[in-house]
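Quick notes on the structure that follows.
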Amino acid sequence: MALERTFSIIKPDATRRNLTGKVISMLEEGGLRVVAQKRVKLDQAKAEGFYAVHKERPFFNDLCAFMTSGPVIVQVLEGENAVARNREIMGATNPADADEGTIRKTLAESIEANSVHGSDSLENAAIEIAFFFNNDEIVG
Ligand code: IDP
Ligand code: MG
């Protein structure tokens with residue numbers, strides 16, 4: 001087991017429905033600790049930069065429009081195997097495929113408006129954390 005940090009976003013569909021606290025509770029109950037957090041509104045450039053890896057995908061423009069449609073909560077989560085653990089707590093990308101009890105099964109509206117983002121590897125977690133946070137904003 002390894003203590004890791006991962007990057008998380010509570011997406012606009014969740015902030016719009018006032019589910020910020022519900023999502024944080026599910027993360028904490030899953031064994032993760034919020035060690036940095038802020039509420040921000042992404043602009044087009046920030047959303048496109050964050051999702052640059054998806055720029056050739058057919059849903060890229062819709063995804064960036066969705067992610068700039070309202071406030072988001074960006075977070076650094078810490079815990080044992082935090083990257084994989086967070087992906088388990090989140091559930092599958094499409095809420096229809098997500099396991100019972102996961103955030104996406106419980107809360108998500110659609111494959112796009114799926115309530116949370118979570119890094120998919122330790123390497124990407126470090127890149128994504130640095131995209132939003134300075135080191136002095138992360139307090140473990
Ligand atoms: P992930 O968030 O589970 O890692 P990714 O494949 O990295 O899934 O996709 C990034 C985000 O793009 C998803 O969370 C979702 O919001 C959106 N997305 C993924 N696939 C589709 C799709 O087929 N249609 C619309 N939006 C999608
Ligand atoms: Mg992904």
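Going through the structure tokens in order, the chains are called A, B, and so on, while each chain numbers its residues from 1 and the ligands are numbered from 1 in the order shown.
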
What are the nearest atom pairs, with distances in Å to one decimal, for all residues of chain A that come at most 6 Å from ligand 1, using only C-alpha atoms and all ligand atoms, set out by chain and rising residue number as CSV?
residue,atom,partner,partner_atom_place_in_ligand_line,distance
A:Phe59,CA,ligand 1,25 (C),5.0
A:Leu63,CA,ligand 1,17 (C),5.9
A:Ala92,CA,ligand 1,3 (O),5.9
A:Thr93,CA,ligand 1,3 (O),3.8
A:Ile111,CA,ligand 1,26 (N),5.4
A:Glu112,CA,ligand 1,16 (O),3.7
A:Ala113,CA,ligand 1,16 (O),5.6
A:Asn114,CA,ligand 1,16 (O),5.6
A:His117,CA,ligand 1,2 (O),5.0

Those selected residues, please, written with all heavy atoms and delivered as a PDB file, in the first residue's frame.
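Output (out-v5.pdb):
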ATOM      1  N   PHE A  59     -16.672  14.246 -28.476  1.00  0.00           N
ATOM      2  CA  PHE A  59     -17.399  14.958 -27.416  1.00  0.00           C
ATOM      3  C   PHE A  59     -16.598  16.121 -26.828  1.00  0.00           C
ATOM      4  O   PHE A  59     -17.044  16.753 -25.878  1.00  0.00           O
ATOM      5  CB  PHE A  59     -17.806  13.980 -26.308  1.00  0.00           C
ATOM      6  CG  PHE A  59     -16.663  13.201 -25.699  1.00  0.00           C
ATOM      7  CD1 PHE A  59     -15.860  13.779 -24.725  1.00  0.00           C
ATOM      8  CD2 PHE A  59     -16.406  11.893 -26.083  1.00  0.00           C
ATOM      9  CE1 PHE A  59     -14.810  13.073 -24.154  1.00  0.00           C
ATOM     10  CE2 PHE A  59     -15.363  11.174 -25.528  1.00  0.00           C
ATOM     11  CZ  PHE A  59     -14.553  11.785 -24.552  1.00  0.00           C
ATOM     12  N   LEU A  63     -17.918  18.723 -24.058  1.00  0.00           N
ATOM     13  CA  LEU A  63     -17.341  18.542 -22.722  1.00  0.00           C
ATOM     14  C   LEU A  63     -16.806  19.872 -22.179  1.00  0.00           C
ATOM     15  O   LEU A  63     -17.056  20.219 -21.014  1.00  0.00           O
ATOM     16  CB  LEU A  63     -16.224  17.491 -22.780  1.00  0.00           C
ATOM     17  CG  LEU A  63     -15.447  17.240 -21.501  1.00  0.00           C
ATOM     18  CD1 LEU A  63     -16.352  16.745 -20.380  1.00  0.00           C
ATOM     19  CD2 LEU A  63     -14.307  16.234 -21.757  1.00  0.00           C
ATOM     20  N   ALA A  92     -17.859   3.911 -13.011  1.00  0.00           N
ATOM     21  CA  ALA A  92     -17.572   3.980 -14.448  1.00  0.00           C
ATOM     22  C   ALA A  92     -18.004   5.324 -15.041  1.00  0.00           C
ATOM     23  O   ALA A  92     -18.928   5.973 -14.544  1.00  0.00           O
ATOM     24  CB  ALA A  92     -18.291   2.848 -15.166  1.00  0.00           C
ATOM     25  N   THR A  93     -17.342   5.700 -16.143  1.00  0.00           N
ATOM     26  CA  THR A  93     -17.616   6.980 -16.818  1.00  0.00           C
ATOM     27  C   THR A  93     -19.099   7.154 -17.093  1.00  0.00           C
ATOM     28  O   THR A  93     -19.675   8.218 -16.836  1.00  0.00           O
ATOM     29  CB  THR A  93     -16.834   7.036 -18.143  1.00  0.00           C
ATOM     30  OG1 THR A  93     -15.457   6.763 -17.887  1.00  0.00           O
ATOM     31  CG2 THR A  93     -16.986   8.392 -18.812  1.00  0.00           C
ATOM     32  N   ILE A 111     -23.579  10.378 -19.209  1.00  0.00           N
ATOM     33  CA  ILE A 111     -22.167  10.046 -19.444  1.00  0.00           C
ATOM     34  C   ILE A 111     -21.310  11.315 -19.457  1.00  0.00           C
ATOM     35  O   ILE A 111     -20.148  11.281 -19.074  1.00  0.00           O
ATOM     36  CB  ILE A 111     -21.990   9.222 -20.744  1.00  0.00           C
ATOM     37  CG1 ILE A 111     -20.569   8.672 -20.848  1.00  0.00           C
ATOM     38  CG2 ILE A 111     -22.366  10.032 -21.973  1.00  0.00           C
ATOM     39  CD1 ILE A 111     -20.369   7.674 -21.989  1.00  0.00           C
ATOM     40  N   GLU A 112     -21.876  12.440 -19.890  1.00  0.00           N
ATOM     41  CA  GLU A 112     -21.118  13.698 -19.874  1.00  0.00           C
ATOM     42  C   GLU A 112     -21.206  14.368 -18.500  1.00  0.00           C
ATOM     43  O   GLU A 112     -20.172  14.688 -17.895  1.00  0.00           O
ATOM     44  CB  GLU A 112     -21.642  14.654 -20.947  1.00  0.00           C
ATOM     45  CG  GLU A 112     -20.916  16.002 -20.915  1.00  0.00           C
ATOM     46  CD  GLU A 112     -21.452  16.943 -21.966  1.00  0.00           C
ATOM     47  OE1 GLU A 112     -22.463  17.626 -21.694  1.00  0.00           O
ATOM     48  OE2 GLU A 112     -20.876  16.974 -23.066  1.00  0.00           O
ATOM     49  N   ALA A 113     -22.422  14.592 -18.033  1.00  0.00           N
ATOM     50  CA  ALA A 113     -22.639  15.260 -16.743  1.00  0.00           C
ATOM     51  C   ALA A 113     -22.561  14.207 -15.641  1.00  0.00           C
ATOM     52  O   ALA A 113     -23.561  13.838 -15.013  1.00  0.00           O
ATOM     53  CB  ALA A 113     -23.986  15.971 -16.742  1.00  0.00           C
ATOM     54  N   ASN A 114     -21.323  13.718 -15.433  1.00  0.00           N
ATOM     55  CA  ASN A 114     -21.147  12.557 -14.554  1.00  0.00           C
ATOM     56  C   ASN A 114     -20.506  12.913 -13.205  1.00  0.00           C
ATOM     57  O   ASN A 114     -19.866  12.088 -12.564  1.00  0.00           O
ATOM     58  CB  ASN A 114     -20.394  11.440 -15.288  1.00  0.00           C
ATOM     59  CG  ASN A 114     -19.028  11.867 -15.762  1.00  0.00           C
ATOM     60  OD1 ASN A 114     -18.583  12.980 -15.488  1.00  0.00           O
ATOM     61  ND2 ASN A 114     -18.346  10.984 -16.459  1.00  0.00           N
ATOM     62  N   HIS A 117     -14.619  14.191 -11.741  1.00  0.00           N
ATOM     63  CA  HIS A 117     -13.416  13.786 -12.476  1.00  0.00           C
ATOM     64  C   HIS A 117     -12.441  13.180 -11.480  1.00  0.00           C
ATOM     65  O   HIS A 117     -12.351  13.652 -10.337  1.00  0.00           O
ATOM     66  CB  HIS A 117     -12.743  14.996 -13.140  1.00  0.00           C
ATOM     67  CG  HIS A 117     -11.337  14.698 -13.598  1.00  0.00           C
ATOM     68  ND1 HIS A 117     -11.062  14.152 -14.826  1.00  0.00           N
ATOM     69  CD2 HIS A 117     -10.137  14.812 -12.962  1.00  0.00           C
ATOM     70  CE1 HIS A 117      -9.753  13.958 -14.934  1.00  0.00           C
ATOM     71  NE2 HIS A 117      -9.170  14.355 -13.819  1.00  0.00           N
TER      72      HIS A 117
END

Please identify all protein, DNA and RNA residues within 10 Å of ligand 2, counting only C-alpha atoms and all ligand atoms, and report them as a ChimeraX atom specification. /A:51,53-54,87,93,117-121,124

Determine which residues of chain A receive a DSSP assignment of strand (DSSP E or B), computed from the backbone, and state them as a PyMOL selection string. chain A and resi 3-10+33-40+72-80+116-118

Which residues, written as a PyMOL selection string, have at least one atom at most 6 Å from segment 4-10 of chain A, with only C-alpha atoms counted and residues fewer than 5 positions away on the same chain left out? chain A and resi 72-83+115-119+125+129

Please save N, CA, C and O atoms of the selected residues as a PDB file, in the first residue's frame.
ATOM      1  N   VAL A  72     -17.008  24.728 -10.449  1.00  0.00           N
ATOM      2  CA  VAL A  72     -16.518  23.385 -10.117  1.00  0.00           C
ATOM      3  C   VAL A  72     -15.711  23.484  -8.824  1.00  0.00           C
ATOM      4  O   VAL A  72     -15.244  24.559  -8.449  1.00  0.00           O
ATOM      5  N   ILE A  73     -15.558  22.345  -8.157  1.00  0.00           N
ATOM      6  CA  ILE A  73     -14.676  22.254  -6.996  1.00  0.00           C
ATOM      7  C   ILE A  73     -13.475  21.422  -7.417  1.00  0.00           C
ATOM      8  O   ILE A  73     -13.646  20.250  -7.778  1.00  0.00           O
ATOM      9  N   VAL A  74     -12.289  22.019  -7.408  1.00  0.00           N
ATOM     10  CA  VAL A  74     -11.076  21.246  -7.697  1.00  0.00           C
ATOM     11  C   VAL A  74     -10.448  20.848  -6.375  1.00  0.00           C
ATOM     12  O   VAL A  74     -10.435  21.630  -5.413  1.00  0.00           O
ATOM     13  N   GLN A  75      -9.948  19.616  -6.322  1.00  0.00           N
ATOM     14  CA  GLN A  75      -9.486  19.043  -5.060  1.00  0.00           C
ATOM     15  C   GLN A  75      -8.219  18.217  -5.252  1.00  0.00           C
ATOM     16  O   GLN A  75      -8.020  17.611  -6.304  1.00  0.00           O
ATOM     17  N   VAL A  76      -7.426  18.150  -4.207  1.00  0.00           N
ATOM     18  CA  VAL A  76      -6.393  17.129  -4.089  1.00  0.00           C
ATOM     19  C   VAL A  76      -6.844  16.180  -2.984  1.00  0.00           C
ATOM     20  O   VAL A  76      -7.198  16.614  -1.881  1.00  0.00           O
ATOM     21  N   LEU A  77      -6.880  14.893  -3.309  1.00  0.00           N
ATOM     22  CA  LEU A  77      -7.295  13.855  -2.358  1.00  0.00           C
ATOM     23  C   LEU A  77      -6.084  13.004  -2.014  1.00  0.00           C
ATOM     24  O   LEU A  77      -5.289  12.655  -2.888  1.00  0.00           O
ATOM     25  N   GLU A  78      -5.983  12.645  -0.746  1.00  0.00           N
ATOM     26  CA  GLU A  78      -4.847  11.840  -0.277  1.00  0.00           C
ATOM     27  C   GLU A  78      -5.367  10.578   0.394  1.00  0.00           C
ATOM     28  O   GLU A  78      -6.393  10.611   1.083  1.00  0.00           O
ATOM     29  N   GLY A  79      -4.656   9.487   0.211  1.00  0.00           N
ATOM     30  CA  GLY A  79      -5.018   8.237   0.875  1.00  0.00           C
ATOM     31  C   GLY A  79      -4.210   7.080   0.332  1.00  0.00           C
ATOM     32  O   GLY A  79      -3.424   7.238  -0.614  1.00  0.00           O
ATOM     33  N   GLU A  80      -4.415   5.918   0.916  1.00  0.00           N
ATOM     34  CA  GLU A  80      -3.764   4.700   0.426  1.00  0.00           C
ATOM     35  C   GLU A  80      -4.281   4.408  -0.985  1.00  0.00           C
ATOM     36  O   GLU A  80      -5.490   4.353  -1.207  1.00  0.00           O
ATOM     37  N   ASN A  81      -3.356   4.246  -1.918  1.00  0.00           N
ATOM     38  CA  ASN A  81      -3.718   3.972  -3.322  1.00  0.00           C
ATOM     39  C   ASN A  81      -4.795   4.940  -3.817  1.00  0.00           C
ATOM     40  O   ASN A  81      -5.784   4.524  -4.430  1.00  0.00           O
ATOM     41  N   ALA A  82      -4.601   6.229  -3.548  1.00  0.00           N
ATOM     42  CA  ALA A  82      -5.655   7.222  -3.782  1.00  0.00           C
ATOM     43  C   ALA A  82      -6.134   7.266  -5.232  1.00  0.00           C
ATOM     44  O   ALA A  82      -7.323   7.492  -5.478  1.00  0.00           O
ATOM     45  N   VAL A  83      -5.235   7.047  -6.194  1.00  0.00           N
ATOM     46  CA  VAL A  83      -5.654   7.152  -7.594  1.00  0.00           C
ATOM     47  C   VAL A  83      -6.695   6.077  -7.903  1.00  0.00           C
ATOM     48  O   VAL A  83      -7.804   6.375  -8.377  1.00  0.00           O
ATOM     49  N   SER A 115     -20.704  14.162 -12.811  1.00  0.00           N
ATOM     50  CA  SER A 115     -20.532  14.635 -11.420  1.00  0.00           C
ATOM     51  C   SER A 115     -19.103  14.766 -10.911  1.00  0.00           C
ATOM     52  O   SER A 115     -18.842  15.635 -10.083  1.00  0.00           O
ATOM     53  N   VAL A 116     -18.191  13.907 -11.352  1.00  0.00           N
ATOM     54  CA  VAL A 116     -16.819  13.953 -10.835  1.00  0.00           C
ATOM     55  C   VAL A 116     -15.794  13.608 -11.914  1.00  0.00           C
ATOM     56  O   VAL A 116     -16.071  12.839 -12.840  1.00  0.00           O
ATOM     57  N   HIS A 117     -14.619  14.191 -11.741  1.00  0.00           N
ATOM     58  CA  HIS A 117     -13.416  13.786 -12.476  1.00  0.00           C
ATOM     59  C   HIS A 117     -12.441  13.180 -11.480  1.00  0.00           C
ATOM     60  O   HIS A 117     -12.351  13.652 -10.337  1.00  0.00           O
ATOM     61  N   GLY A 118     -11.671  12.195 -11.908  1.00  0.00           N
ATOM     62  CA  GLY A 118     -10.575  11.676 -11.096  1.00  0.00           C
ATOM     63  C   GLY A 118      -9.423  11.272 -11.990  1.00  0.00           C
ATOM     64  O   GLY A 118      -9.641  10.687 -13.066  1.00  0.00           O
ATOM     65  N   SER A 119      -8.209  11.570 -11.564  1.00  0.00           N
ATOM     66  CA  SER A 119      -7.023  11.214 -12.350  1.00  0.00           C
ATOM     67  C   SER A 119      -7.001   9.715 -12.618  1.00  0.00           C
ATOM     68  O   SER A 119      -7.418   8.908 -11.784  1.00  0.00           O
ATOM     69  N   ALA A 125      -2.036  12.365 -12.225  1.00  0.00           N
ATOM     70  CA  ALA A 125      -2.443  13.057 -11.000  1.00  0.00           C
ATOM     71  C   ALA A 125      -1.483  14.205 -10.697  1.00  0.00           C
ATOM     72  O   ALA A 125      -1.925  15.325 -10.391  1.00  0.00           O
ATOM     73  N   ILE A 129      -2.735  17.998 -10.665  1.00  0.00           N
ATOM     74  CA  ILE A 129      -2.618  18.777  -9.418  1.00  0.00           C
ATOM     75  C   ILE A 129      -1.863  20.074  -9.701  1.00  0.00           C
ATOM     76  O   ILE A 129      -2.300  21.159  -9.298  1.00  0.00           O
TER      77      ILE A 129
END

Of the residues A:Leu32, A:Ile127, A:Leu42, A:Met67, which is the one nearest to Lys11 of chain A, using only C-alpha atoms? A:Met67
